[in-house]
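J.: This is the structure I want to talk about, given as structure tokens.
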Amino acid sequence: MVKATPLAIDIHNLSLWYGDFQALFEVDLQVKQGLITALIGPSGCGKSTLLRAVNRINERLGDYVRTTGEIHVLDQDILRNDIELAQLRRHVGMVFQRPNPLPLSVRDNVLFAHRIHRADEKFNRRKEDEIVEHALRRVLLWDEVKDHLGREATGLSLEEQQKLCIARLLPIKPTVILMDEPTSALDPKGTAALEELIWELHGDYTILIVTHNMAQAKRASEETAFMLLGRMVEHGLTEQVFLAPREKETADYIEGRYG
Amino acid sequence: MLTERVQLSTSIDLDHRGRDWYTDKAVTFLVFVGGISAIVLIIGIFVFITKEGLGFIAGSLDVREFFGSLAWRPTSPTKPTYGILGLIAGTASVTGLAMVVSVPFSLGAAIFIGEFATGRLRETLKVLVELLAAIPSVVWGFIGLSLLNPLIIDIFDVPVGLGVLNSGIILGLMAAPIMTTIAEDALKAVPDTYREAAEAMGATKWQVIFRVVLPAGRNGLVAAVLLGVGRGFGETMAVLMATGNSIKIPTSPFDSVTALTATIAAELGDAPVGSDHYRALFTLGILLFVVTFIINLTADLVVRRAGRK
């Protein structure tokens with residue numbers, strides 16, 4: 001099998017149960033490197049569950065969650081038992097629905113992941129300053145916060161908080177960034193700003209984004225995958241999925257017959 | 001479907017006071033009396049202690065001698081002296097050592113219960129900690145006297161095992177359960193989204209605890225320690241039994257000391273009512289009252305600040 005673009009994420013035959021409830025049924029999904037892929041579908045269709053399986057953050061719930069199948073990130077099977085979750089999550093970052101900056105200063109938030117993954121590298125104030133400035137510039141937040149980097153991050157506006165939550169992933173250079181409805185807590189202006197930012201990151205990072213908002217998927221993604229009731233229904237280029245869906249369910253959802 | 005028509009009312013009764021009305025008023029009154037009586041009693045106690053103590057403060061008290069002298073000789077027939085420096089040093093050294101013992105124990109237990117234990121284990125541990133908090137202080141004193149005393153004598157080869165070390169350990173173990181409970185509450189109050197955020201960035205369990213949970217719960221943890229200090233400061237019975245009761249500034253952990261509380265407990269029964277000795281003991285009471293009040297108030301303010309955030 002020859003692939004045009006290398007795959008960042010390759011999900012094969014993935015099923016997932018919460019206790020007795022099966023949330024995902026033999027899902028397949030291939031996410032190409034450097035692209036923005038949107039996951040759409042009605043509430044409860046399993047798109048967030050699928051997203052949270054890729055960095056295995058859903059395992060926080062304990063034995064209650066059971067997974068079968070395979071997820072490869074850059075050709076590594078991440079569901080293996082000997083996977084170090086800390087390492088996996090270093091390479092697969094996540095942005096949550098509600099902005100969740102840590103109760104630390106803006107500066108310490110940006111440096112948090114860098115510091116825990118720094119290993120033996122020596123502390124270097126100037127290098128940290130560079131990292132902070134670079135990450136905050138990349139998320140278009142530098143000008144707003146540069147004069148009060150020492151302030152509590154939880155005091156920023158929601159839009160700024162969410163940008164900060166993206167900025168703090170950048171210093172550790174993740175391969176993939178998972179985004180779980182990253183704009184659902186923001187107002188229209190914040191949503192627009194964040195979409196602009198996501199588009200800005202495109203190419204440097206592989207982004208898999210769950211969204212409820214179809215206009216957002218249309219505007220801000222290159223490929224779209226549609227899920228329904230725990231199954232993958234259709235996955236293709238965004239224009240194709242929206243303009244000429246192959247499956248009837250996709251067409252119905254896009255036209256707003258349910259969801 | 002209507003089978004029967006309801007008669008429309010022509011008048012309504014609005015000033016009828018039935019049994020429910022009287023019950024409601026009576027219960028309201030009873031609850032009010034119950035609530036207010038607690039406050040009245042506390043104020044009453046404070047007034048009583050102050051009245052007895054103030055007579056001494058206004059009359060025979062020499063401030064420099066009181067706080068600066070080691071000589072607590074209230075029963076001397078020729079020249080009674082009232083220096084409490086030794087008592088303060090005893091209380092401070094015992095409470096200090098108690099904190100050295102209890103802070104690591106209680107924080108460790110709180111972190112284990114709050115962050116690691118799950119399900120049955122967690123519930124069992126919480127119940128056990130609460131049971132430990134309910135052990136009467138005289139039992140702790142007994143443990144110090146009959147268990148720890150010979151142990152200290154054996155291990156360190158000292159003539160007497162009662163003193164700062166013994167009562168510090170006993171007091172520390174005694175304060176640990178309540179500190180654990182409060183510290184665990186503080187950790188539980190840290191939103192889980194913080195842990196999730198840190199874990200999603202690849203933080204290990206320990207990194208999450210040290211870099212996120214403990215700093216976020218800082219205020220509650222400080223309050224837990226302060227309440228522990230208050231507990232140690234005010235404790236009497238265990239201290240009376242385990243300190244060895246001699247007035248001095250300790251220079252080694254094996255020195256016998258005595259505490260403010262223990263002095264009051266030991267001497268009040270023998271002091272003639274209304275005498276200077278009697279009133280001096282009440283002055284100690286005022287001092288204890290004020291200090292514990294300040295400690296508790298500080299803890300309370302710290303907790304409130306934590307709650308507001």
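Scheme for the structure tokens: letters A, B, ... for chains in order shown; per-chain residue numbers from 1; ligand numbers from 1 in order shown.
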Using only C-alpha atoms, determine which residues of chain B fall within 8 Å of chain A; present them as a list in words.
T.: Thr193, Tyr194, Glu196, Ala197, Ala198, Glu199, Ala200, Met201, Gly202, Ala203, Thr204, Gln207, Val212 and Ala216 of chain B
J.: Could you write out the selected residues, including N, CA and C atoms, as an mmCIF file, in the first residue's frame?
T.:
```
data_model
loop_
_atom_site.group_PDB
_atom_site.id
_atom_site.type_symbol
_atom_site.label_atom_id
_atom_site.label_comp_id
_atom_site.auth_asym_id
_atom_site.auth_seq_id
_atom_site.Cartn_x
_atom_site.Cartn_y
_atom_site.Cartn_z
ATOM 1 N N THR B 193 -10.117 19.151 36.750
ATOM 2 C CA THR B 193 -9.672 19.599 35.426
ATOM 3 C C THR B 193 -8.193 19.981 35.458
ATOM 4 N N TYR B 194 -7.696 20.443 36.600
ATOM 5 C CA TYR B 194 -6.267 20.760 36.710
ATOM 6 C C TYR B 194 -5.431 19.498 36.540
ATOM 7 N N GLU B 196 -6.348 16.743 35.091
ATOM 8 C CA GLU B 196 -6.505 16.250 33.727
ATOM 9 C C GLU B 196 -5.609 17.037 32.775
ATOM 10 N N ALA B 197 -5.586 18.362 32.934
ATOM 11 C CA ALA B 197 -4.769 19.205 32.064
ATOM 12 C C ALA B 197 -3.307 18.809 32.174
ATOM 13 N N ALA B 198 -2.844 18.626 33.409
ATOM 14 C CA ALA B 198 -1.429 18.296 33.604
ATOM 15 C C ALA B 198 -1.117 16.897 33.069
ATOM 16 N N GLU B 199 -2.023 15.953 33.315
ATOM 17 C CA GLU B 199 -1.794 14.594 32.810
ATOM 18 C C GLU B 199 -1.780 14.568 31.292
ATOM 19 N N ALA B 200 -2.633 15.392 30.679
ATOM 20 C CA ALA B 200 -2.683 15.415 29.220
ATOM 21 C C ALA B 200 -1.404 16.000 28.635
ATOM 22 N N MET B 201 -0.637 16.719 29.453
ATOM 23 C CA MET B 201 0.652 17.225 28.968
ATOM 24 C C MET B 201 1.782 16.241 29.280
ATOM 25 N N GLY B 202 1.418 15.095 29.825
ATOM 26 C CA GLY B 202 2.429 14.083 30.069
ATOM 27 C C GLY B 202 3.069 14.172 31.442
ATOM 28 N N ALA B 203 2.397 14.810 32.393
ATOM 29 C CA ALA B 203 2.931 14.846 33.750
ATOM 30 C C ALA B 203 2.678 13.499 34.417
ATOM 31 N N THR B 204 3.652 13.023 35.178
ATOM 32 C CA THR B 204 3.441 11.791 35.921
ATOM 33 C C THR B 204 2.620 12.128 37.169
ATOM 34 N N GLN B 207 4.424 14.392 39.488
ATOM 35 C CA GLN B 207 4.521 15.760 38.975
ATOM 36 C C GLN B 207 3.188 16.480 39.123
ATOM 37 N N VAL B 212 1.051 20.726 40.716
ATOM 38 C CA VAL B 212 -0.288 21.277 40.502
ATOM 39 C C VAL B 212 -1.158 21.185 41.757
ATOM 40 N N ALA B 216 -2.056 24.253 44.346
ATOM 41 C CA ALA B 216 -3.441 24.721 44.235
ATOM 42 C C ALA B 216 -4.173 24.587 45.575
#
```
J.: Skipping near chain neighbours, those fewer than 2 positions away, what residues fall within 9 Å of Glu181 in chain A using only C-alpha atoms, listed as a ChimeraX atom specification?
T.: /A:48,95-98,179,183-185,209-213
J.: If you run DSSP on this backbone, which residues of range 19-250 of chain B come out as strand (DSSP E), and could you give them as an MDAnalysis selection string?
T.: chainID B and resid 72:73 81:82
J.: Using only C-alpha atoms, which protein or nucleic acid residues come within 9 Å of Glu26 in chain A? Drop anything in the same chain fewer than 6 positions from it, and give the result as a PDB file with C-alpha atoms, in the first residue's frame.
T.:
```pdb
ATOM      1  CA  HIS A  12      -7.850   0.397  12.975  1.00  0.00           C
ATOM      2  CA  ASN A  13     -10.848  -1.600  14.118  1.00  0.00           C
ATOM      3  CA  LEU A  14     -11.189   0.359  17.356  1.00  0.00           C
ATOM      4  CA  SER A  15     -14.002  -0.573  19.732  1.00  0.00           C
ATOM      5  CA  LEU A  16     -14.478   0.965  23.147  1.00  0.00           C
ATOM      6  CA  THR A  68      -9.852  -3.212  21.580  1.00  0.00           C
ATOM      7  CA  GLY A  69      -8.278  -2.593  18.195  1.00  0.00           C
ATOM      8  CA  GLY A 230     -20.254   5.074  17.499  1.00  0.00           C
ATOM      9  CA  ARG A 231     -19.445   4.204  13.889  1.00  0.00           C
ATOM     10  CA  MET A 232     -17.367   5.963  11.282  1.00  0.00           C
TER      11      MET A 232
END
```
J.: How many Å lie between CA of Ala109 in chain B and CA of Glu184 in chain B, rounded to one decimal?
T.: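 Separating CA of Ala109 in chain B from CA of Glu184 in chain B is a distance of 8.3 Å.
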J.: Can you tell me, as a ChimeraX atom specification, what residues are no more than 10 Å from Ala71 in chain B when counting only C-alpha atoms, ignoring any on the same chain fewer than 5 positions away?
T.: /B:65-66,80-87,247-248
J.: Would you work out the distance separating CA of Glu59 in chain A from CA of Leu221 in chain B, expressed in Å to one decimal?
T.: 28.9 Å
J.: If I take CA of Arg64 in chain B and CA of Val290 in chain B, how far is one from the other in Å, to one decimal?
T.: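 Separation of CA of Arg64 in chain B and CA of Val290 in chain B: 19.2 Å.
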